$ cat upload-v9.tsv   # TSV, C-alpha atoms
chain	number	residue	atom	x	y	z
A	393	MET	CA	7.68	139.46	210.49
A	394	THR	CA	3.99	138.86	211.26
A	395	CYS	CA	3.08	139.58	214.87
A	396	VAL	CA	-0.14	138.29	216.34
A	397	ASP	CA	-1.88	139.37	219.53
A	398	LEU	CA	-2.17	136.47	221.99
A	399	ALA	CA	-5.49	137.88	223.22
A	400	ALA	CA	-6.80	137.56	219.66
A	401	VAL	CA	-5.39	134.03	219.40
A	402	ARG	CA	-7.08	133.09	222.68
A	403	THR	CA	-10.34	134.55	221.39
A	404	PHE	CA	-9.99	132.59	218.14
A	405	VAL	CA	-9.45	129.28	219.99
A	406	ALA	CA	-12.39	129.96	222.29
A	407	ALA	CA	-14.62	130.77	219.31
A	408	ALA	CA	-13.51	127.63	217.49
A	409	ASP	CA	-14.45	125.56	220.55
A	410	ALA	CA	-17.73	127.36	221.30
A	411	GLY	CA	-19.00	127.96	217.77
A	412	ARG	CA	-20.67	131.25	218.76
A	413	PHE	CA	-19.14	134.68	219.40
A	414	GLN	CA	-21.68	135.53	222.11
A	415	ASP	CA	-20.61	132.51	224.16
A	416	VAL	CA	-16.98	133.58	223.86
A	417	ALA	CA	-17.83	137.10	225.02
A	418	GLY	CA	-19.23	135.71	228.26
A	419	GLU	CA	-16.31	133.36	228.75
A	420	LEU	CA	-13.69	136.08	228.25
A	421	ALA	CA	-15.70	138.81	229.99
A	422	VAL	CA	-15.65	141.13	226.97
A	423	THR	CA	-18.34	142.41	224.62
A	424	GLN	CA	-19.39	140.51	221.52
A	425	GLN	CA	-18.19	143.50	219.52
A	426	ALA	CA	-14.73	143.09	221.07
A	427	VAL	CA	-14.72	139.42	220.09
A	428	SER	CA	-15.61	140.27	216.49
A	429	LYS	CA	-12.97	142.99	216.39
A	430	ARG	CA	-10.24	140.69	217.69
A	431	ILE	CA	-11.11	138.02	215.12
A	432	ALA	CA	-11.25	140.57	212.30
A	433	THR	CA	-7.84	141.95	213.31
A	434	LEU	CA	-6.34	138.46	213.42
A	435	GLU	CA	-7.79	137.64	210.00
A	436	LYS	CA	-6.32	140.86	208.61
A	437	ILE	CA	-2.87	140.08	210.02
A	438	LEU	CA	-2.93	136.53	208.67
A	439	GLY	CA	-4.48	137.53	205.37
A	440	VAL	CA	-7.11	134.78	205.45
A	441	ARG	CA	-10.66	134.22	206.68
A	442	LEU	CA	-10.79	132.04	209.77
A	443	PHE	CA	-14.54	131.72	210.21
A	444	ILE	CA	-17.67	131.48	208.11
A	445	ARG	CA	-20.61	133.27	209.75
A	446	THR	CA	-23.83	131.22	209.76
A	447	ALA	CA	-27.31	131.65	211.22
A	448	ARG	CA	-26.36	129.30	214.06
A	449	GLY	CA	-22.97	130.81	214.83
A	450	VAL	CA	-19.57	130.42	213.21
A	451	GLN	CA	-17.68	127.60	211.52
A	452	LEU	CA	-13.98	127.29	210.81
A	453	THR	CA	-12.79	127.73	207.25
A	454	ILE	CA	-10.10	125.48	205.80
A	455	ASP	CA	-7.54	128.10	206.84
A	456	GLY	CA	-9.11	128.23	210.30
A	457	HIS	CA	-8.71	124.48	210.70
A	458	ALA	CA	-5.08	124.76	209.58
A	459	PHE	CA	-4.35	127.57	212.04
A	460	LEU	CA	-6.13	126.02	215.07
A	461	PRO	CA	-3.45	123.51	216.25
A	462	HIS	CA	-0.77	126.19	215.96
A	463	ALA	CA	-2.94	128.65	217.88
A	464	ARG	CA	-3.35	126.10	220.67
A	465	GLU	CA	0.40	125.58	220.75
A	466	LEU	CA	0.95	129.36	221.00
A	467	LEU	CA	-1.29	129.44	224.07
A	468	ARG	CA	0.49	126.44	225.60
A	469	ALA	CA	3.82	128.16	224.96
A	470	GLU	CA	2.48	131.26	226.73
A	471	GLU	CA	1.47	129.12	229.71
A	472	ARG	CA	4.90	127.49	229.84
A	473	ALA	CA	6.62	130.87	229.59
A	474	VAL	CA	4.64	132.25	232.53
A	475	ALA	CA	5.11	129.07	234.56
A	476	SER	CA	8.86	129.11	233.89
A	477	VAL	CA	9.30	132.13	236.17
A	478	ARG	CA	6.59	131.35	238.72
A	479	PRO	CA	8.32	130.50	242.02
A	480	GLY	CA	7.91	126.82	242.90
A	481	ARG	CA	5.58	126.14	239.97
A	482	ARG	CA	7.82	125.61	236.98
A	483	PRO	CA	7.47	122.13	235.42
A	484	LEU	CA	10.41	119.76	235.73
A	485	ARG	CA	11.94	119.68	232.24
A	486	VAL	CA	13.02	116.13	231.46
A	487	ASP	CA	14.85	114.82	228.40
A	488	VAL	CA	14.12	111.26	227.32
A	489	ILE	CA	15.75	109.49	224.41
A	490	GLY	CA	12.36	108.64	222.89
A	491	ARG	CA	8.73	108.78	223.94
A	492	ARG	CA	8.16	105.05	223.28
A	493	LEU	CA	11.29	103.95	225.14
A	494	ALA	CA	11.90	102.88	228.73
A	495	PRO	CA	12.79	106.28	230.25
A	496	ALA	CA	9.41	107.67	229.16
A	497	ALA	CA	7.67	104.69	230.79
A	498	VAL	CA	9.63	105.17	234.01
A	499	LEU	CA	8.82	108.86	233.95
A	500	GLY	CA	5.15	107.96	233.60
A	501	GLU	CA	5.43	105.78	236.73
A	502	PHE	CA	7.00	108.71	238.59
A	503	HIS	CA	4.19	111.00	237.52
A	504	ARG	CA	1.58	108.53	238.76
A	505	ALA	CA	3.40	108.35	242.10
A	506	HIS	CA	3.81	112.16	242.25
A	507	PRO	CA	0.86	113.70	240.37
A	508	GLU	CA	1.61	117.04	241.99
A	509	VAL	CA	4.83	117.33	239.95
A	510	GLU	CA	4.24	118.91	236.55
A	511	LEU	CA	6.49	117.54	233.82
A	512	ASP	CA	7.67	119.04	230.55
A	513	VAL	CA	9.13	116.20	228.44
A	514	VAL	CA	11.49	116.77	225.52
A	515	THR	CA	13.62	114.48	223.34
A	516	LEU	CA	17.15	115.59	222.53
A	517	PHE	CA	19.40	113.83	220.06
A	518	ASP	CA	22.27	112.49	222.15
A	519	VAL	CA	24.21	112.83	225.40
A	520	ASP	CA	26.22	115.83	224.13
A	521	ALA	CA	23.03	117.76	223.37
A	522	ALA	CA	21.65	116.75	226.77
A	523	VAL	CA	24.73	117.94	228.67
A	524	ASP	CA	24.72	121.26	226.80
A	525	ALA	CA	21.04	121.71	227.66
A	526	LEU	CA	21.66	120.88	231.32
A	527	ARG	CA	24.47	123.41	231.56
A	528	SER	CA	22.46	126.12	229.81
A	529	GLY	CA	19.39	125.49	231.96
A	530	THR	CA	17.21	124.44	229.01
A	531	ILE	CA	16.39	121.16	230.77
A	532	ASP	CA	16.59	120.00	234.38
A	533	VAL	CA	17.41	116.33	233.98
A	534	SER	CA	18.06	113.71	231.31
A	535	PHE	CA	17.95	109.92	230.99
A	536	ARG	CA	21.07	108.76	229.14
A	537	ALA	CA	23.76	106.09	228.91
A	538	VAL	CA	26.68	108.39	229.46
A	539	THR	CA	29.90	106.62	230.37
A	540	MET	CA	30.98	105.86	226.82
A	541	PRO	CA	34.67	105.09	226.11
A	542	GLY	CA	36.83	108.18	226.25
A	543	ARG	CA	34.04	110.38	227.59
A	544	ARG	CA	34.42	112.44	230.75
A	545	LEU	CA	31.48	114.54	231.87
A	546	PRO	CA	32.03	118.07	233.24
A	547	ASP	CA	32.46	118.28	237.01
A	548	ASP	CA	29.22	120.25	237.40
A	549	ILE	CA	27.17	117.38	235.92
A	550	GLY	CA	25.87	114.71	238.28
A	551	VAL	CA	25.18	111.13	237.18
A	552	ALA	CA	23.47	108.21	238.91
A	553	ARG	CA	22.62	104.80	237.46
A	554	ALA	CA	18.83	104.77	237.20
A	555	PHE	CA	17.94	101.29	236.00
A	556	ASP	CA	19.07	98.50	233.70
A	557	GLU	CA	16.73	97.46	230.90
A	558	PRO	CA	16.89	93.90	229.50
A	559	ILE	CA	17.21	93.57	225.73
A	560	GLU	CA	14.84	91.38	223.71
A	561	ILE	CA	14.53	90.33	220.10
A	562	VAL	CA	11.49	91.01	217.95
A	563	ILE	CA	11.01	88.29	215.38
A	564	GLY	CA	8.50	87.24	212.72
A	565	PRO	CA	6.49	84.01	212.88
A	566	ALA	CA	8.37	82.36	210.00
A	567	HIS	CA	11.83	82.76	211.52
A	568	GLU	CA	13.52	79.56	212.73
A	569	LEU	CA	13.92	81.01	216.27
A	570	ALA	CA	10.32	82.20	216.52
A	571	ASP	CA	9.06	79.33	218.70
A	572	LEU	CA	11.77	79.57	221.37
A	573	ARG	CA	10.82	80.93	224.81
A	574	ALA	CA	14.26	82.49	225.25
A	575	VAL	CA	17.32	82.96	223.06
A	576	ARG	CA	20.96	83.05	224.06
A	577	PRO	CA	22.97	85.88	222.46
A	578	ALA	CA	25.30	83.22	221.03
A	579	GLU	CA	22.33	81.74	219.12
A	580	LEU	CA	22.04	84.99	217.15
A	581	VAL	CA	25.45	84.50	215.56
A	582	GLY	CA	24.98	84.25	211.81
A	583	HIS	CA	21.46	85.67	211.90
A	584	ARG	CA	20.63	89.02	210.32
A	585	ILE	CA	19.95	91.64	212.97
A	586	TRP	CA	18.50	94.78	211.39
A	587	MET	CA	18.51	98.10	213.27
A	588	PRO	CA	18.32	100.94	210.73
A	589	GLY	CA	17.81	103.54	213.50
A	590	LEU	CA	21.31	103.14	214.97
A	591	VAL	CA	23.41	106.28	214.64
A	592	PRO	CA	27.23	106.13	214.90
A	593	ARG	CA	28.93	107.96	217.79
A	594	THR	CA	25.75	108.07	219.91
A	595	GLU	CA	25.40	106.36	223.26
A	596	TRP	CA	22.93	103.80	221.90
A	597	GLY	CA	25.15	103.21	218.88
A	598	ALA	CA	28.13	102.57	221.18
A	599	TYR	CA	26.09	100.13	223.27
A	600	TYR	CA	25.02	97.98	220.33
A	601	ASP	CA	28.51	98.13	218.79
A	602	ASP	CA	29.89	96.64	222.01
A	603	LEU	CA	27.06	94.11	222.20
A	604	ALA	CA	27.82	92.92	218.68
A	605	ALA	CA	31.55	92.71	219.40
A	606	ALA	CA	31.06	90.84	222.67
A	607	PHE	CA	28.95	88.05	221.15
A	608	GLY	CA	30.21	87.97	217.56
A	609	LEU	CA	26.98	89.38	216.13
A	610	THR	CA	26.44	91.36	212.94
A	611	ILE	CA	24.03	94.28	213.22
A	612	GLU	CA	22.95	95.77	209.91
A	613	VAL	CA	22.12	99.49	209.83
A	614	THR	CA	21.79	99.84	206.07
A	615	GLY	CA	18.64	101.20	204.49
A	616	PRO	CA	16.56	104.25	205.35
A	617	ASP	CA	15.02	104.56	208.80
A	618	PHE	CA	11.33	105.16	208.16
A	619	GLY	CA	10.33	104.56	211.76
A	620	THR	CA	9.00	101.69	213.83
A	621	LYS	CA	6.00	100.65	211.72
A	622	PRO	CA	7.87	99.91	208.46
A	623	LEU	CA	10.56	98.12	210.50
A	624	LEU	CA	7.98	95.85	212.16
A	625	ASP	CA	6.20	95.28	208.83
A	626	THR	CA	9.46	94.04	207.33
A	627	ILE	CA	10.38	91.86	210.33
A	628	ALA	CA	6.91	90.28	210.32
A	629	GLU	CA	7.28	89.14	206.70
A	630	SER	CA	10.91	88.03	206.93
A	631	ARG	CA	12.29	84.54	207.50
A	632	SER	CA	15.78	85.86	208.22
A	633	LEU	CA	15.60	89.26	209.95
A	634	VAL	CA	15.29	90.07	213.64
A	635	THR	CA	15.68	93.34	215.50
A	636	LEU	CA	16.68	94.22	219.06
A	637	VAL	CA	14.60	96.34	221.46
A	638	GLY	CA	14.52	97.19	225.13
A	639	LYS	CA	12.04	95.24	227.25
A	640	GLN	CA	10.13	98.40	228.14
A	641	THR	CA	10.01	99.78	224.60
A	642	HIS	CA	6.36	100.28	223.69
A	643	LEU	CA	5.54	98.59	220.39
A	644	VAL	CA	2.17	98.09	218.70
A	645	TRP	CA	1.54	95.99	215.60
A	646	PRO	CA	-1.47	94.45	213.82
A	647	ALA	CA	-2.58	91.09	215.20
A	648	ASP	CA	-2.02	89.34	211.89
A	649	HIS	CA	1.69	90.22	211.97
A	650	GLY	CA	2.27	87.39	214.44
A	651	LEU	CA	5.40	89.05	215.82
A	652	ARG	CA	7.07	87.65	218.93
A	653	ARG	CA	9.12	89.40	221.61
A	654	ILE	CA	11.62	86.89	222.95
A	655	PRO	CA	13.93	87.60	225.92
A	656	LEU	CA	17.67	87.09	225.68
A	657	ARG	CA	19.19	84.85	228.36
A	658	ASP	CA	22.57	83.44	229.47
A	659	PRO	CA	23.54	86.22	229.69
A	660	THR	CA	20.84	88.86	229.48
A	661	PRO	CA	22.19	92.05	227.85
A	662	VAL	CA	20.89	95.09	229.74
A	663	TYR	CA	20.94	98.71	228.64
A	664	PRO	CA	22.38	101.05	231.35
A	665	HIS	CA	20.04	104.01	231.78
A	666	SER	CA	21.42	106.80	233.97
A	667	LEU	CA	19.93	109.98	235.35
A	668	VAL	CA	21.96	113.10	234.51
A	669	TRP	CA	21.50	116.55	236.04
A	670	HIS	CA	23.30	119.81	236.80
A	671	ARG	CA	24.62	119.78	240.36
A	672	ALA	CA	23.51	123.38	240.97
A	673	ASN	CA	19.93	122.81	239.81
A	674	PRO	CA	17.57	123.82	242.66
A	675	HIS	CA	14.31	122.42	241.27
A	676	PRO	CA	12.54	120.72	244.21
A	677	ALA	CA	11.12	117.91	242.05
A	678	LEU	CA	14.60	116.79	240.99
A	679	ALA	CA	15.28	115.25	244.39
A	680	ALA	CA	11.89	113.53	244.33
A	681	LEU	CA	12.70	111.96	240.95
A	682	ARG	CA	16.09	110.74	242.15
A	683	ASP	CA	14.55	109.27	245.31
A	684	HIS	CA	11.84	107.55	243.25
A	685	LEU	CA	14.40	105.91	241.00
A	686	SER	CA	16.72	104.83	243.82
A	687	SER	CA	13.86	103.24	245.76
A	688	GLY	CA	12.10	101.64	242.80
A	689	ARG	CA	14.94	100.27	240.67
A	690	PRO	CA	13.80	96.85	239.45
A	691	GLU	CA	15.86	93.82	240.38
A	692	HIS	CA	16.53	91.38	237.55
A	693	ALA	CA	15.69	87.72	238.06
A	694	GLU	CA	18.24	86.69	235.45
A	695	ALA	CA	21.22	84.82	236.87
A	696	GLU	CA	23.67	86.65	234.64
A	697	THR	CA	23.56	89.97	232.83
A	698	TRP	CA	25.88	91.74	230.39
A	699	THR	CA	26.52	95.40	229.84
A	700	PRO	CA	29.54	97.15	228.26
A	701	ALA	CA	32.63	97.54	230.40
A	702	TRP	CA	32.29	101.32	230.20
A	703	ALA	CA	28.91	101.13	231.95
$ encode --input "upload-v9.tsv" --output "structure tokens"
Amino acid sequence: MTCVDLAAVRTFVAAADAGRFQDVAGELAVTQQAVSKRIATLEKILGVRLFIRTARGVQLTIDGHAFLPHARELLRAEERAVASVRPGRRPLRVDVIGRRLAPAAVLGEFHRAHPEVELDVVTLFDVDAAVDALRSGTIDVSFRAVTMPGRRLPDDIGVARAFDEPIEIVIGPAHELADLRAVRPAELVGHRIWMPGLVPRTEWGAYYDDLAAAFGLTIEVTGPDFGTKPLLDTIAESRSLVTLVGKQTHLVWPADHGLRRIPLRDPTPVYPHSLVWHRANPHPALAALRDHLSSGRPEHAEAETWTPAWA
């Protein structure tokens, strides 16, 4: 196994940013000879040249460019490792289902309201992975829809409803429903709803299964899930396909796609996001996050909403 010295990695990153070894020597309070020695040792360990020496300083080689992002991540990992055991300074480790989805947006609002709270955001696969991580101490808190049929959380896990997120359709300009200002779930009967990212036996899979059953809808999950962009490209060109998204899901598409986001009404399906944490977790920012959510939960103007019975 190749072992690298973090001091040498730090010197490498500083040299890549500065472009001159003498500037790095002053920054790190070492001699220029020490800088050169650290870089030479790192190059020997890695078996590649990281810099080309020039009359004006140094430039990264192709291998240097390849190594740089990983070197930065090593230094960030070192910072997180030190902070993890610093009393009162460890970041709050939060699991969100996806970085473009509503929990990430809500977490961003919390951070703007509490800039003093450092956050470390991760994305775990499903509620089972989140509960395991909470119990092992890998994370402090998670946003999940957890009360699925037949599921009982361990007694040491706390749960509180955080917020309900209305569901919308995303539709292309040629679709027959594209010019409506709102769509009733019943109006989607017989239309092709395509959601290739749904995974069976997950909390979001259970939600959309119940949504389909409640309103007689057919949700297609066939085909490979290549991500949001190919999905939106297909929807934009289709006369028959629509997809479902949360109102706070962040989506970006080219202007010429002409896509529409149309709310569902009468009733409005809402996705039940909950906050999940370990009851023995002492992190001081956890209480601040719970207070923020309980005081800022949005009220829906819709006269009627729907969510699964298990929620």
$ atom_distance --input "upload-v9.tsv" --atom1 "atom CA of Arg576 of chain A" --atom2 "atom CA of Pro592 of chain A"
25.6 Å
$ residues_around --input "upload-v9.tsv" --residues "Ala447 of chain A" --least-positions-apart "4" --cutoff "12 Å" --atoms "only C-alpha atoms" --output "list of chain:residue names"
A:Gly411, A:Arg412, A:Phe413, A:Gln451
$ write_last_selection --input "upload-v9.tsv" --atoms "C-alpha atoms" --output "tab-separated table (two decimals), in the coordinates of the input"
chain	number	residue	atom	x	y	z
A	411	GLY	CA	-19.00	127.96	217.77
A	412	ARG	CA	-20.67	131.25	218.76
A	413	PHE	CA	-19.14	134.68	219.40
A	451	GLN	CA	-17.68	127.60	211.52
$ closest_atom_pairs --input "upload-v9.tsv" --of "segment 528-638 of chain A" --to "segment 499-515 of chain A" --cutoff "12 Å" --atoms "all atoms listed in the file" --output "CSV"
residue,atom,partner,partner_atom,distance
A:Thr530,CA,A:Val514,CA,10.2
A:Ile531,CA,A:Val514,CA,8.4
A:Asp532,CA,A:Asp512,CA,9.8
A:Val533,CA,A:Val513,CA,10.0
A:Ser534,CA,A:Thr515,CA,9.2
A:Phe535,CA,A:Leu499,CA,9.7
A:Arg536,CA,A:Thr515,CA,11.0
A:Ala554,CA,A:Leu499,CA,11.3
$ residues_near_point --input "upload-v9.tsv" --point "(9.6, 82.9, 208.2)" --cutoff "6 Å" --atoms "all atoms listed in the file" --output "count of residues only"
5
$ atom_distance --input "upload-v9.tsv" --atom1 "atom CA of Leu633 of chain A" --atom2 "atom CA of Gly615 of chain A"
13.5 Å
$ atom_distance --input "upload-v9.tsv" --atom1 "atom CA of Asn673 of chain A" --atom2 "atom CA of Pro483 of chain A"
13.2 Å
$ residues_around --input "upload-v9.tsv" --residues "Val405 of chain A" --least-positions-apart "6" --cutoff "9 Å" --atoms "only C-alpha atoms" --output "list in words"
Leu460, Ala463 and Arg464 of chain A
$ write_last_selection --input "upload-v9.tsv" --atoms "C-alpha atoms" --output "short mmCIF file (atom, residue, chain, number, x, y, z; two decimals), in the coordinates of the input"
data_model
loop_
_atom_site.label_atom_id
_atom_site.label_comp_id
_atom_site.auth_asym_id
_atom_site.auth_seq_id
_atom_site.Cartn_x
_atom_site.Cartn_y
_atom_site.Cartn_z
CA LEU A 460 -6.13 126.02 215.07
CA ALA A 463 -2.94 128.65 217.88
CA ARG A 464 -3.35 126.10 220.67
#
$ residues_around --input "upload-v9.tsv" --residues "Pro646 of chain A" --least-positions-apart "5" --cutoff "12 Å" --atoms "only C-alpha atoms" --output "list in words"
Lys621, Leu624, Asp625, Ala628 and Leu651 of chain A
$ closest_residue --input "upload-v9.tsv" --among "A:Cys395, A:Ala525, A:Ile654, A:Leu623" --to "Asp571 of chain A" --atoms "only C-alpha atoms"
A:Ile654
$ build_atoms --input "upload-v9.tsv" --residues "segment 485-496 of chain A" --atoms "all heavy atoms" --output "PDB file, keeping the file's coordinate frame"
ATOM      1  N   ARG A 485      11.671 119.922 233.666  1.00  0.00           N
ATOM      2  CA  ARG A 485      11.940 119.680 232.240  1.00  0.00           C
ATOM      3  C   ARG A 485      12.854 118.466 232.106  1.00  0.00           C
ATOM      4  O   ARG A 485      14.004 118.499 232.547  1.00  0.00           O
ATOM      5  CB  ARG A 485      12.558 120.907 231.601  1.00  0.00           C
ATOM      6  CG  ARG A 485      11.612 122.088 231.536  1.00  0.00           C
ATOM      7  CD  ARG A 485      12.315 123.357 231.137  1.00  0.00           C
ATOM      8  NE  ARG A 485      13.362 123.712 232.095  1.00  0.00           N
ATOM      9  CZ  ARG A 485      13.782 124.960 232.312  1.00  0.00           C
ATOM     10  NH1 ARG A 485      13.247 125.958 231.646  1.00  0.00           N
ATOM     11  NH2 ARG A 485      14.731 125.209 233.177  1.00  0.00           N
ATOM     12  N   VAL A 486      12.330 117.411 231.508  1.00  0.00           N
ATOM     13  CA  VAL A 486      13.020 116.130 231.460  1.00  0.00           C
ATOM     14  C   VAL A 486      13.266 115.721 230.004  1.00  0.00           C
ATOM     15  O   VAL A 486      12.355 115.755 229.180  1.00  0.00           O
ATOM     16  CB  VAL A 486      12.200 115.026 232.163  1.00  0.00           C
ATOM     17  CG1 VAL A 486      13.005 113.736 232.239  1.00  0.00           C
ATOM     18  CG2 VAL A 486      11.783 115.474 233.555  1.00  0.00           C
ATOM     19  N   ASP A 487      14.496 115.331 229.713  1.00  0.00           N
ATOM     20  CA  ASP A 487      14.850 114.820 228.400  1.00  0.00           C
ATOM     21  C   ASP A 487      14.830 113.300 228.426  1.00  0.00           C
ATOM     22  O   ASP A 487      15.439 112.674 229.300  1.00  0.00           O
ATOM     23  CB  ASP A 487      16.248 115.316 228.016  1.00  0.00           C
ATOM     24  CG  ASP A 487      16.860 114.524 226.882  1.00  0.00           C
ATOM     25  OD1 ASP A 487      16.184 114.355 225.856  1.00  0.00           O
ATOM     26  OD2 ASP A 487      18.019 114.067 227.036  1.00  0.00           O
ATOM     27  N   VAL A 488      14.092 112.705 227.488  1.00  0.00           N
ATOM     28  CA  VAL A 488      14.120 111.260 227.320  1.00  0.00           C
ATOM     29  C   VAL A 488      14.556 110.944 225.898  1.00  0.00           C
ATOM     30  O   VAL A 488      14.304 111.718 224.976  1.00  0.00           O
ATOM     31  CB  VAL A 488      12.743 110.610 227.610  1.00  0.00           C
ATOM     32  CG1 VAL A 488      12.347 110.832 229.061  1.00  0.00           C
ATOM     33  CG2 VAL A 488      11.666 111.167 226.678  1.00  0.00           C
ATOM     34  N   ILE A 489      15.188 109.819 225.708  1.00  0.00           N
ATOM     35  CA  ILE A 489      15.750 109.490 224.410  1.00  0.00           C
ATOM     36  C   ILE A 489      14.677 109.245 223.370  1.00  0.00           C
ATOM     37  O   ILE A 489      14.893 109.421 222.171  1.00  0.00           O
ATOM     38  CB  ILE A 489      16.697 108.272 224.551  1.00  0.00           C
ATOM     39  CG1 ILE A 489      17.548 108.099 223.299  1.00  0.00           C
ATOM     40  CG2 ILE A 489      15.928 107.017 224.890  1.00  0.00           C
ATOM     41  CD1 ILE A 489      18.654 107.076 223.474  1.00  0.00           C
ATOM     42  N   GLY A 490      13.490 108.854 223.802  1.00  0.00           N
ATOM     43  CA  GLY A 490      12.360 108.640 222.890  1.00  0.00           C
ATOM     44  C   GLY A 490      11.102 108.420 223.704  1.00  0.00           C
ATOM     45  O   GLY A 490      11.149 107.861 224.805  1.00  0.00           O
ATOM     46  N   ARG A 491       9.972 108.847 223.174  1.00  0.00           N
ATOM     47  CA  ARG A 491       8.730 108.780 223.940  1.00  0.00           C
ATOM     48  C   ARG A 491       8.120 107.391 224.001  1.00  0.00           C
ATOM     49  O   ARG A 491       7.183 107.160 224.761  1.00  0.00           O
ATOM     50  CB  ARG A 491       7.720 109.784 223.367  1.00  0.00           C
ATOM     51  CG  ARG A 491       8.163 111.227 223.556  1.00  0.00           C
ATOM     52  CD  ARG A 491       7.194 112.210 222.960  1.00  0.00           C
ATOM     53  NE  ARG A 491       7.702 113.565 223.059  1.00  0.00           N
ATOM     54  CZ  ARG A 491       7.473 114.389 224.077  1.00  0.00           C
ATOM     55  NH1 ARG A 491       6.728 113.990 225.074  1.00  0.00           N
ATOM     56  NH2 ARG A 491       7.974 115.607 224.095  1.00  0.00           N
ATOM     57  N   ARG A 492       8.630 106.438 223.207  1.00  0.00           N
ATOM     58  CA  ARG A 492       8.160 105.050 223.280  1.00  0.00           C
ATOM     59  C   ARG A 492       9.138 104.165 224.041  1.00  0.00           C
ATOM     60  O   ARG A 492       8.898 102.962 224.169  1.00  0.00           O
ATOM     61  CB  ARG A 492       7.964 104.486 221.867  1.00  0.00           C
ATOM     62  CG  ARG A 492       6.795 105.088 221.102  1.00  0.00           C
ATOM     63  CD  ARG A 492       6.713 104.495 219.709  1.00  0.00           C
ATOM     64  NE  ARG A 492       5.545 104.979 218.989  1.00  0.00           N
ATOM     65  CZ  ARG A 492       4.388 104.358 218.959  1.00  0.00           C
ATOM     66  NH1 ARG A 492       4.235 103.218 219.621  1.00  0.00           N
ATOM     67  NH2 ARG A 492       3.358 104.849 218.292  1.00  0.00           N
ATOM     68  N   LEU A 493      10.230 104.743 224.529  1.00  0.00           N
ATOM     69  CA  LEU A 493      11.290 103.950 225.140  1.00  0.00           C
ATOM     70  C   LEU A 493      11.171 103.951 226.657  1.00  0.00           C
ATOM     71  O   LEU A 493      10.359 104.667 227.248  1.00  0.00           O
ATOM     72  CB  LEU A 493      12.650 104.459 224.689  1.00  0.00           C
ATOM     73  CG  LEU A 493      12.851 104.519 223.170  1.00  0.00           C
ATOM     74  CD1 LEU A 493      14.257 104.965 222.837  1.00  0.00           C
ATOM     75  CD2 LEU A 493      12.542 103.174 222.520  1.00  0.00           C
ATOM     76  N   ALA A 494      12.016 103.140 227.295  1.00  0.00           N
ATOM     77  CA  ALA A 494      11.900 102.880 228.730  1.00  0.00           C
ATOM     78  C   ALA A 494      11.910 104.127 229.608  1.00  0.00           C
ATOM     79  O   ALA A 494      11.111 104.221 230.546  1.00  0.00           O
ATOM     80  CB  ALA A 494      13.005 101.921 229.162  1.00  0.00           C
ATOM     81  N   PRO A 495      12.802 105.112 229.366  1.00  0.00           N
ATOM     82  CA  PRO A 495      12.790 106.280 230.250  1.00  0.00           C
ATOM     83  C   PRO A 495      11.440 106.992 230.300  1.00  0.00           C
ATOM     84  O   PRO A 495      11.030 107.483 231.356  1.00  0.00           O
ATOM     85  CB  PRO A 495      13.879 107.186 229.656  1.00  0.00           C
ATOM     86  CG  PRO A 495      14.826 106.226 229.017  1.00  0.00           C
ATOM     87  CD  PRO A 495      13.955 105.149 228.443  1.00  0.00           C
ATOM     88  N   ALA A 496      10.734 107.037 229.166  1.00  0.00           N
ATOM     89  CA  ALA A 496       9.410 107.670 229.160  1.00  0.00           C
ATOM     90  C   ALA A 496       8.443 106.864 230.013  1.00  0.00           C
ATOM     91  O   ALA A 496       7.603 107.429 230.734  1.00  0.00           O
ATOM     92  CB  ALA A 496       8.894 107.790 227.735  1.00  0.00           C
TER      93      ALA A 496
END
